[in-house]
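*Asks:* There's a structure below that I have some questions on.
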Amino acid sequence: MRQFGSRLKEAGAKVLEEVEKEGRYAVVLASRPYQNDALVNHSLPELLTEFGVPVLTADSVPGIENVDLSHSRLDVVNNYHARMLASAVLAAQSQNLEYVQFVSFGCGHDAYLSDEIQRMMREISGKSPLILKLDESEVQGPLRIRVRSFLETINMRRKKREMAERLQNQPGTSRQENAGGGNECGTAALGPDIQKSWQVHELSDPYPVKFEVEDRKKRTVLVPNTSHAFCRIMSAALKTQGIRAVPLAVGREEAIRLGKQYVHNDICFPAQIVIGEALAALRSGQYVPSETAIGMGKYIGDCRLTHYSALLRKALDDAGYPEVAILTNDDVDYHDLHPGFRMNLVSAIRLAGALPMIDILEELLRKIRPYEKVSGSSDQAFGEAMDFVVDGLERHGLSGALRGFKKAIQRMNAIEYDRSQPRPRVLIIGEYLLNFHPGANHEIERYLEKNGFEIIEARMTDVIRKTYFCQDEQIRTYHLKKPFVKKNWYHVANRVFDAAHAAADRIAKQHPLYTPVCRLPELVKESDPIIPHTFDAGEGVLIPGEILHHAAHGCRAFVILQPFGCLPNHVVGRGIVKKMREMYPDAQILPLDYDPDVSFANLENRLQMLIMNVKERSVDTVALPDVGQRSPVETMNRKQKNADNKKQKVS
């Protein structure tokens, strides 16, 4: 393989040498390996050669391995990204190279690469690449027209440049004379972009606006939502480190509109809505841009969340907010976005400790709200319960949050409800932002509740814990060699989550509707018949694990929420439906795809089919615990009676 790579580079160097001698140009055709197949690329490389333009693959460009990519906005997490970006830099720096990128329809990973390739080439020399979107269609006409137009544009610009060079080299003629004075024969007559496009510049810092130490007092940090509860505890944790954090209101139509306008439309819907929330807050006029920063999640892996900071920076610049800084939870911060902040270990532990608390409160809310005696009482109680936890965390750290959680459970216990007639249950599972963000999922929980269901949801704790758990399990199961510090970090992080669960369980068991959850290590092993529990891409094994767990406990209705084009979730979401139906033939499984343009009418039509099927078949055969009609006073009396009985037995 190494020998083949060397020969490929030699061939590329030979082609480049020939075009330089002849004053011609070659095209770097950058694509994924499968797009080299003529069936996939519609024989477009042959079309280029028919026009006399040599074609180089990205990995055949000489010197590609020596390109400095430190000034890319993206985190280069694999060799493919490195090849694409490095070959784009070399094409921008050379007068004899142009750049064509093949992208797949709906591929969000290609989308952020295209954005960055265009930005880098434009900044280096003003060049523009040709981005060709391929799909399974056999219609080649539009693609071929775009290739011809691209080549014509390049040829026209090269002719103008040659004319400009001849004018500049005329005896007794200076560049200044040719550039001004209204001389129609000067290079100014050829257009201002000609001079600019042939000057090569070094890439500047892709994140020039930093969050510095002094910005802790100067800037307000706006925190977008995953779930609003998580947004609130994240903001509280940031405040404990001296950050002026503000949890944003849940974004809806305006956030979706702005996200669609300023984020590449092939990027996943969650990126569009969280960035749209930030833009909507800035547009509101409540915040001074130069005194504002946006908090954004960061994760290094196969999810597009890895590149949300790059997407946000582009959106802020395009929307007219270049002075707004960006702050993330990344404790490495390779791009030096926020030298004035690193999330410390104490804050991380506080977050891990608070996550099971909000999961439990949301679980109780879903168990009570469909059965509440006073409309709106459970939502009001939940809001007050969250205040207890958030205020405790913000003022006194984890110990304060635990004290607040005790008050929260008492407040949830005070709601009057009647569960004498249990409803059928439906599990909502899928990509985690769509799960928990009511603006993104069009209030699907409320809709199903109004149609007679009790909702079961995934837990945010498992979403955050999953990567630590999977890394730890991969090391143990496959005997992977990892640095000692990393191995221990994954193991310790898992133990921290176990301790957090135990602490929350001890308090939550005071509520009659609470039952301890199936924790992640046991939950994901239920997915082994379908997907190994070490699988980490997308939502990993959480989707099949949750479905199989709840199916074994009587639930037969499942809704899987997925952003359109989220490939990992299509594997572990839509991809498992056939096997699930083989295991549970009476299960109703409905995958729903979301994007900024999805209408609730389309969703409602599909949801109504699920609702009708569930009601007709009475699928939820395992009834919920019949606690009957209970009030807080009756609950206290029952507990007191049980305690008196125990005392009598002891005596």
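Please note that chains go A, B, ... in the order of the structure tokens, that every chain numbers its residues from 1, and that ligands are numbered from 1 in the order shown.
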Name all residues at most 9 Å from Val28 of chain A (count only C-alpha atoms; drop same-chain ones fewer than 4 positions away) and give them as a list of chain:residue names.
*Replies:* A:Pro54, A:Val55, A:Leu56, A:Thr57, A:Ala58, A:Ser60, A:Val61, A:Ser87, A:Ala88, A:Ala91, A:Leu97, A:Glu98, A:Tyr99, A:Val100, A:Gln101
*Asks:* Please tabulate, as a tab-separated table, the residues of segment 239-350 of chain A that come within 8 Å of segment 110-113 of chain A, each with its closest pair of atoms and the distance in Å to one decimal, counting only C-alpha atoms and ordering rows by chain, then residue number upward.
*Replies:*
residue	atom	partner	partner_atom	distance
A:His264	CA	A:Ala111	CA	6.7
A:Asp266	CA	A:Ala111	CA	5.9
A:Ile267	CA	A:Ala111	CA	6.2
A:His307	CA	A:Tyr112	CA	7.7
A:Leu311	CA	A:Tyr112	CA	7.4
*Asks:* With a distance cut-off of 7 Å and only C-alpha atoms, select the neighbouring residues of segment 228-230 of chain A, excluding the residue or stretch itself and same-chain residues fewer than 3 positions from it, and output the selection as a list in words.
*Replies:*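 Here the answer would be Asn225, Ile233, Met234, Val250 and Ile358 of chain A.
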*Asks:* Between A:Gly23, A:Gly397, A:Gly340, A:Pro544, which one has atoms that come closest to Phe211 of chain A, using only C-alpha atoms?
*Replies:* A:Gly340
*Asks:* Give me the residues near Pro142 of chain A as a ChimeraX atom specification, where near means some atom within 12 Å (using only C-alpha atoms) and where sequence neighbours in that chain fewer than 5 positions away do not count.
*Replies:* /A:42,44,132-134,137,147-149
*Asks:* Could you save those same residues with C-alpha atoms as a compact mmCIF listing (two decimals), in the first residue's frame?
*Replies:*
# COMPACT_ATOMS: atom_id res chain seq x y z
CA HIS A 42 -21.61 9.69 -13.81
CA LEU A 44 -17.59 13.23 -14.92
CA LEU A 132 -21.14 18.78 -7.40
CA LYS A 133 -23.91 17.00 -5.52
CA LEU A 134 -24.37 13.40 -6.65
CA SER A 137 -30.33 9.72 -10.55
CA VAL A 147 -18.81 21.25 -15.38
CA ARG A 148 -18.73 23.03 -18.75
CA SER A 149 -19.68 26.35 -17.14
*Asks:* Excluding same-chain residues fewer than 6 positions from Ala352 of chain A, what lies within 8 Å of it counting only C-alpha atoms, as a compact mmCIF listing (two decimals) with C-alpha atoms, in the first residue's frame?
*Replies:*
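selection_33.txt, freshly written:
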# COMPACT_ATOMS: atom_id res chain seq x y z
CA THR A 461 -27.99 10.98 31.74
CA VAL A 496 -19.27 8.93 39.01
CA PHE A 497 -22.51 8.39 37.10
CA ALA A 500 -25.04 10.11 40.97
*Asks:* Quick one: pull the distance between atom CA of Pro563 of chain A and atom CA of Gly301 of chain A, Å, one decimal.
*Replies:* 17.8 Å
*Asks:* What's the 10 Å shell around segment 433-447 of chain A, counting only C-alpha atoms, without same-chain residues fewer than 6 positions away, as a PDB file with N, CA and C atoms, in the first residue's frame?
*Replies:*
ATOM      1  N   ASN A 225     -30.696  25.437  23.878  1.00  0.00           N
ATOM      2  CA  ASN A 225     -31.343  24.300  24.510  1.00  0.00           C
ATOM      3  C   ASN A 225     -31.038  22.974  23.816  1.00  0.00           C
ATOM      4  N   THR A 226     -30.847  21.950  24.635  1.00  0.00           N
ATOM      5  CA  THR A 226     -31.048  20.576  24.194  1.00  0.00           C
ATOM      6  C   THR A 226     -32.421  20.195  24.735  1.00  0.00           C
ATOM      7  N   SER A 227     -32.498  20.011  26.030  1.00  0.00           N
ATOM      8  CA  SER A 227     -33.781  20.150  26.713  1.00  0.00           C
ATOM      9  C   SER A 227     -33.656  21.417  27.557  1.00  0.00           C
ATOM     10  N   HIS A 228     -34.782  22.016  27.905  1.00  0.00           N
ATOM     11  CA  HIS A 228     -34.676  23.254  28.682  1.00  0.00           C
ATOM     12  C   HIS A 228     -34.144  22.956  30.088  1.00  0.00           C
ATOM     13  N   ALA A 229     -34.496  21.786  30.630  1.00  0.00           N
ATOM     14  CA  ALA A 229     -33.984  21.420  31.952  1.00  0.00           C
ATOM     15  C   ALA A 229     -32.470  21.295  31.924  1.00  0.00           C
ATOM     16  N   PHE A 230     -31.928  20.630  30.897  1.00  0.00           N
ATOM     17  CA  PHE A 230     -30.479  20.487  30.780  1.00  0.00           C
ATOM     18  C   PHE A 230     -29.819  21.843  30.561  1.00  0.00           C
ATOM     19  N   VAL A 250     -36.859  28.298  24.731  1.00  0.00           N
ATOM     20  CA  VAL A 250     -36.922  27.238  23.722  1.00  0.00           C
ATOM     21  C   VAL A 250     -37.271  27.850  22.368  1.00  0.00           C
ATOM     22  N   GLY A 251     -36.426  27.610  21.373  1.00  0.00           N
ATOM     23  CA  GLY A 251     -36.635  28.163  20.040  1.00  0.00           C
ATOM     24  C   GLY A 251     -37.728  27.429  19.282  1.00  0.00           C
ATOM     25  N   ARG A 252     -38.452  28.195  18.486  1.00  0.00           N
ATOM     26  CA  ARG A 252     -39.526  27.587  17.697  1.00  0.00           C
ATOM     27  C   ARG A 252     -39.433  28.104  16.246  1.00  0.00           C
ATOM     28  N   GLU A 253     -40.495  28.645  15.692  1.00  0.00           N
ATOM     29  CA  GLU A 253     -40.519  28.963  14.259  1.00  0.00           C
ATOM     30  C   GLU A 253     -39.403  29.917  13.849  1.00  0.00           C
ATOM     31  N   ALA A 255     -36.492  30.553  15.327  1.00  0.00           N
ATOM     32  CA  ALA A 255     -35.181  29.893  15.429  1.00  0.00           C
ATOM     33  C   ALA A 255     -34.961  28.955  14.248  1.00  0.00           C
ATOM     34  N   ILE A 256     -35.997  28.214  13.879  1.00  0.00           N
ATOM     35  CA  ILE A 256     -35.885  27.300  12.742  1.00  0.00           C
ATOM     36  C   ILE A 256     -35.638  28.081  11.457  1.00  0.00           C
ATOM     37  N   PHE A 269     -30.617  19.001  11.291  1.00  0.00           N
ATOM     38  CA  PHE A 269     -31.620  19.882  11.883  1.00  0.00           C
ATOM     39  C   PHE A 269     -31.235  20.354  13.286  1.00  0.00           C
ATOM     40  N   PRO A 270     -30.708  19.494  14.177  1.00  0.00           N
ATOM     41  CA  PRO A 270     -30.313  19.987  15.510  1.00  0.00           C
ATOM     42  C   PRO A 270     -29.328  21.146  15.454  1.00  0.00           C
ATOM     43  N   ALA A 271     -28.349  21.102  14.538  1.00  0.00           N
ATOM     44  CA  ALA A 271     -27.408  22.219  14.419  1.00  0.00           C
ATOM     45  C   ALA A 271     -28.133  23.485  14.009  1.00  0.00           C
ATOM     46  N   GLN A 272     -29.074  23.348  13.099  1.00  0.00           N
ATOM     47  CA  GLN A 272     -29.803  24.520  12.628  1.00  0.00           C
ATOM     48  C   GLN A 272     -30.628  25.147  13.747  1.00  0.00           C
ATOM     49  N   ILE A 273     -31.237  24.317  14.583  1.00  0.00           N
ATOM     50  CA  ILE A 273     -32.130  24.906  15.584  1.00  0.00           C
ATOM     51  C   ILE A 273     -31.352  25.524  16.747  1.00  0.00           C
ATOM     52  N   VAL A 274     -30.240  24.919  17.191  1.00  0.00           N
ATOM     53  CA  VAL A 274     -29.508  25.535  18.307  1.00  0.00           C
ATOM     54  C   VAL A 274     -28.813  26.820  17.855  1.00  0.00           C
ATOM     55  N   ARG A 366     -44.121  13.106  33.450  1.00  0.00           N
ATOM     56  CA  ARG A 366     -44.817  12.339  32.401  1.00  0.00           C
ATOM     57  C   ARG A 366     -45.768  11.302  32.986  1.00  0.00           C
ATOM     58  N   ARG A 369     -48.785  14.033  34.602  1.00  0.00           N
ATOM     59  CA  ARG A 369     -49.519  15.043  33.820  1.00  0.00           C
ATOM     60  C   ARG A 369     -50.772  14.500  33.117  1.00  0.00           C
ATOM     61  N   PRO A 370     -50.738  13.292  32.516  1.00  0.00           N
ATOM     62  CA  PRO A 370     -51.973  12.814  31.874  1.00  0.00           C
ATOM     63  C   PRO A 370     -53.103  12.520  32.857  1.00  0.00           C
ATOM     64  N   VAL A 426     -46.361   4.979  25.218  1.00  0.00           N
ATOM     65  CA  VAL A 426     -45.589   5.079  23.986  1.00  0.00           C
ATOM     66  C   VAL A 426     -44.197   5.592  24.344  1.00  0.00           C
ATOM     67  N   LEU A 427     -43.183   4.931  23.827  1.00  0.00           N
ATOM     68  CA  LEU A 427     -41.794   5.342  24.047  1.00  0.00           C
ATOM     69  C   LEU A 427     -41.368   6.252  22.908  1.00  0.00           C
ATOM     70  N   PHE A 453     -52.307   9.039  25.435  1.00  0.00           N
ATOM     71  CA  PHE A 453     -51.141   8.222  25.763  1.00  0.00           C
ATOM     72  C   PHE A 453     -50.434   8.735  27.018  1.00  0.00           C
ATOM     73  N   GLU A 454     -49.697   7.830  27.638  1.00  0.00           N
ATOM     74  CA  GLU A 454     -48.703   8.186  28.643  1.00  0.00           C
ATOM     75  C   GLU A 454     -47.335   8.041  27.991  1.00  0.00           C
ATOM     76  N   ILE A 455     -46.486   9.041  28.174  1.00  0.00           N
ATOM     77  CA  ILE A 455     -45.206   9.098  27.470  1.00  0.00           C
ATOM     78  C   ILE A 455     -44.090   8.500  28.314  1.00  0.00           C
ATOM     79  N   ILE A 456     -43.243   7.698  27.657  1.00  0.00           N
ATOM     80  CA  ILE A 456     -41.970   7.256  28.226  1.00  0.00           C
ATOM     81  C   ILE A 456     -40.878   7.905  27.382  1.00  0.00           C
ATOM     82  N   GLU A 457     -39.878   8.461  28.019  1.00  0.00           N
ATOM     83  CA  GLU A 457     -38.788   9.118  27.299  1.00  0.00           C
ATOM     84  C   GLU A 457     -37.453   8.505  27.675  1.00  0.00           C
ATOM     85  N   ALA A 458     -36.483   8.689  26.776  1.00  0.00           N
ATOM     86  CA  ALA A 458     -35.100   8.344  27.109  1.00  0.00           C
ATOM     87  C   ALA A 458     -34.601   9.299  28.192  1.00  0.00           C
ATOM     88  N   ARG A 459     -33.408   9.032  28.722  1.00  0.00           N
ATOM     89  CA  ARG A 459     -32.853   9.851  29.801  1.00  0.00           C
ATOM     90  C   ARG A 459     -31.598  10.582  29.320  1.00  0.00           C
ATOM     91  N   MET A 460     -31.523  11.852  29.659  1.00  0.00           N
ATOM     92  CA  MET A 460     -30.367  12.649  29.272  1.00  0.00           C
ATOM     93  C   MET A 460     -29.083  12.109  29.893  1.00  0.00           C
ATOM     94  N   VAL A 559     -41.990   5.513  18.941  1.00  0.00           N
ATOM     95  CA  VAL A 559     -41.774   6.552  17.930  1.00  0.00           C
ATOM     96  C   VAL A 559     -40.284   6.895  17.946  1.00  0.00           C
ATOM     97  N   ILE A 560     -39.630   6.769  16.788  1.00  0.00           N
ATOM     98  CA  ILE A 560     -38.200   7.046  16.663  1.00  0.00           C
ATOM     99  C   ILE A 560     -38.039   8.366  15.910  1.00  0.00           C
ATOM    100  N   LEU A 561     -37.484   9.383  16.580  1.00  0.00           N
ATOM    101  CA  LEU A 561     -37.305  10.703  15.990  1.00  0.00           C
ATOM    102  C   LEU A 561     -35.885  10.843  15.449  1.00  0.00           C
ATOM    103  N   GLN A 562     -35.773  11.218  14.177  1.00  0.00           N
ATOM    104  CA  GLN A 562     -34.455  11.315  13.552  1.00  0.00           C
ATOM    105  C   GLN A 562     -34.363  12.560  12.684  1.00  0.00           C
ATOM    106  N   PRO A 563     -33.240  13.281  12.730  1.00  0.00           N
ATOM    107  CA  PRO A 563     -33.041  14.363  11.765  1.00  0.00           C
ATOM    108  C   PRO A 563     -32.826  13.760  10.382  1.00  0.00           C
ATOM    109  N   LEU A 592     -39.834   8.761  12.418  1.00  0.00           N
ATOM    110  CA  LEU A 592     -40.206  10.064  11.870  1.00  0.00           C
ATOM    111  C   LEU A 592     -38.948  10.870  11.574  1.00  0.00           C
ATOM    112  N   ASP A 593     -38.834  11.380  10.351  1.00  0.00           N
ATOM    113  CA  ASP A 593     -37.711  12.225   9.965  1.00  0.00           C
ATOM    114  C   ASP A 593     -38.110  13.695  10.063  1.00  0.00           C
ATOM    115  N   TYR A 594     -37.216  14.495  10.638  1.00  0.00           N
ATOM    116  CA  TYR A 594     -37.457  15.932  10.812  1.00  0.00           C
ATOM    117  C   TYR A 594     -36.430  16.739  10.030  1.00  0.00           C
ATOM    118  N   ASP A 595     -36.878  17.852   9.464  1.00  0.00           N
ATOM    119  CA  ASP A 595     -35.978  18.868   8.921  1.00  0.00           C
ATOM    120  C   ASP A 595     -36.666  20.221   9.072  1.00  0.00           C
ATOM    121  N   PRO A 596     -36.015  21.325   8.705  1.00  0.00           N
ATOM    122  CA  PRO A 596     -36.643  22.632   8.941  1.00  0.00           C
ATOM    123  C   PRO A 596     -37.955  22.828   8.195  1.00  0.00           C
ATOM    124  N   VAL A 598     -40.270  20.407   7.547  1.00  0.00           N
ATOM    125  CA  VAL A 598     -41.311  19.421   7.821  1.00  0.00           C
ATOM    126  C   VAL A 598     -42.532  20.118   8.423  1.00  0.00           C
ATOM    127  N   SER A 599     -43.701  19.769   7.936  1.00  0.00           N
ATOM    128  CA  SER A 599     -44.931  20.361   8.470  1.00  0.00           C
ATOM    129  C   SER A 599     -45.530  19.412   9.496  1.00  0.00           C
ATOM    130  N   PHE A 600     -46.166  20.006  10.504  1.00  0.00           N
ATOM    131  CA  PHE A 600     -46.783  19.162  11.520  1.00  0.00           C
ATOM    132  C   PHE A 600     -47.937  18.357  10.930  1.00  0.00           C
ATOM    133  N   LEU A 603     -46.533  15.089   9.907  1.00  0.00           N
ATOM    134  CA  LEU A 603     -46.256  14.281  11.093  1.00  0.00           C
ATOM    135  C   LEU A 603     -47.546  13.764  11.704  1.00  0.00           C
ATOM    136  N   GLU A 604     -48.541  14.625  11.754  1.00  0.00           N
ATOM    137  CA  GLU A 604     -49.800  14.248  12.389  1.00  0.00           C
ATOM    138  C   GLU A 604     -50.474  13.095  11.657  1.00  0.00           C
ATOM    139  N   LEU A 607     -48.686  10.015  12.766  1.00  0.00           N
ATOM    140  CA  LEU A 607     -48.949   9.742  14.182  1.00  0.00           C
ATOM    141  C   LEU A 607     -50.366   9.212  14.387  1.00  0.00           C
TER     142      LEU A 607
END
*Asks:* Residues of segment 312-357 of chain A that have any atom at most 12 Å from an atom of segment 462-468 of chain A: could you tabulate them with the shortest-distance atom pair and the distance in Å to one decimal, using only C-alpha atoms, ordered by chain and increasing number, as a tab-separated table?
*Replies:*
residue	atom	partner	partner_atom	distance
A:Ala348	CA	A:Ile464	CA	11.0
A:Ile349	CA	A:Arg465	CA	11.9
A:Leu351	CA	A:Ile464	CA	9.9
A:Ala352	CA	A:Ile464	CA	8.4
A:Gly353	CA	A:Arg465	CA	11.5
A:Ala354	CA	A:Ile464	CA	11.9
A:Leu355	CA	A:Ile464	CA	8.9
A:Pro356	CA	A:Asp462	CA	9.1
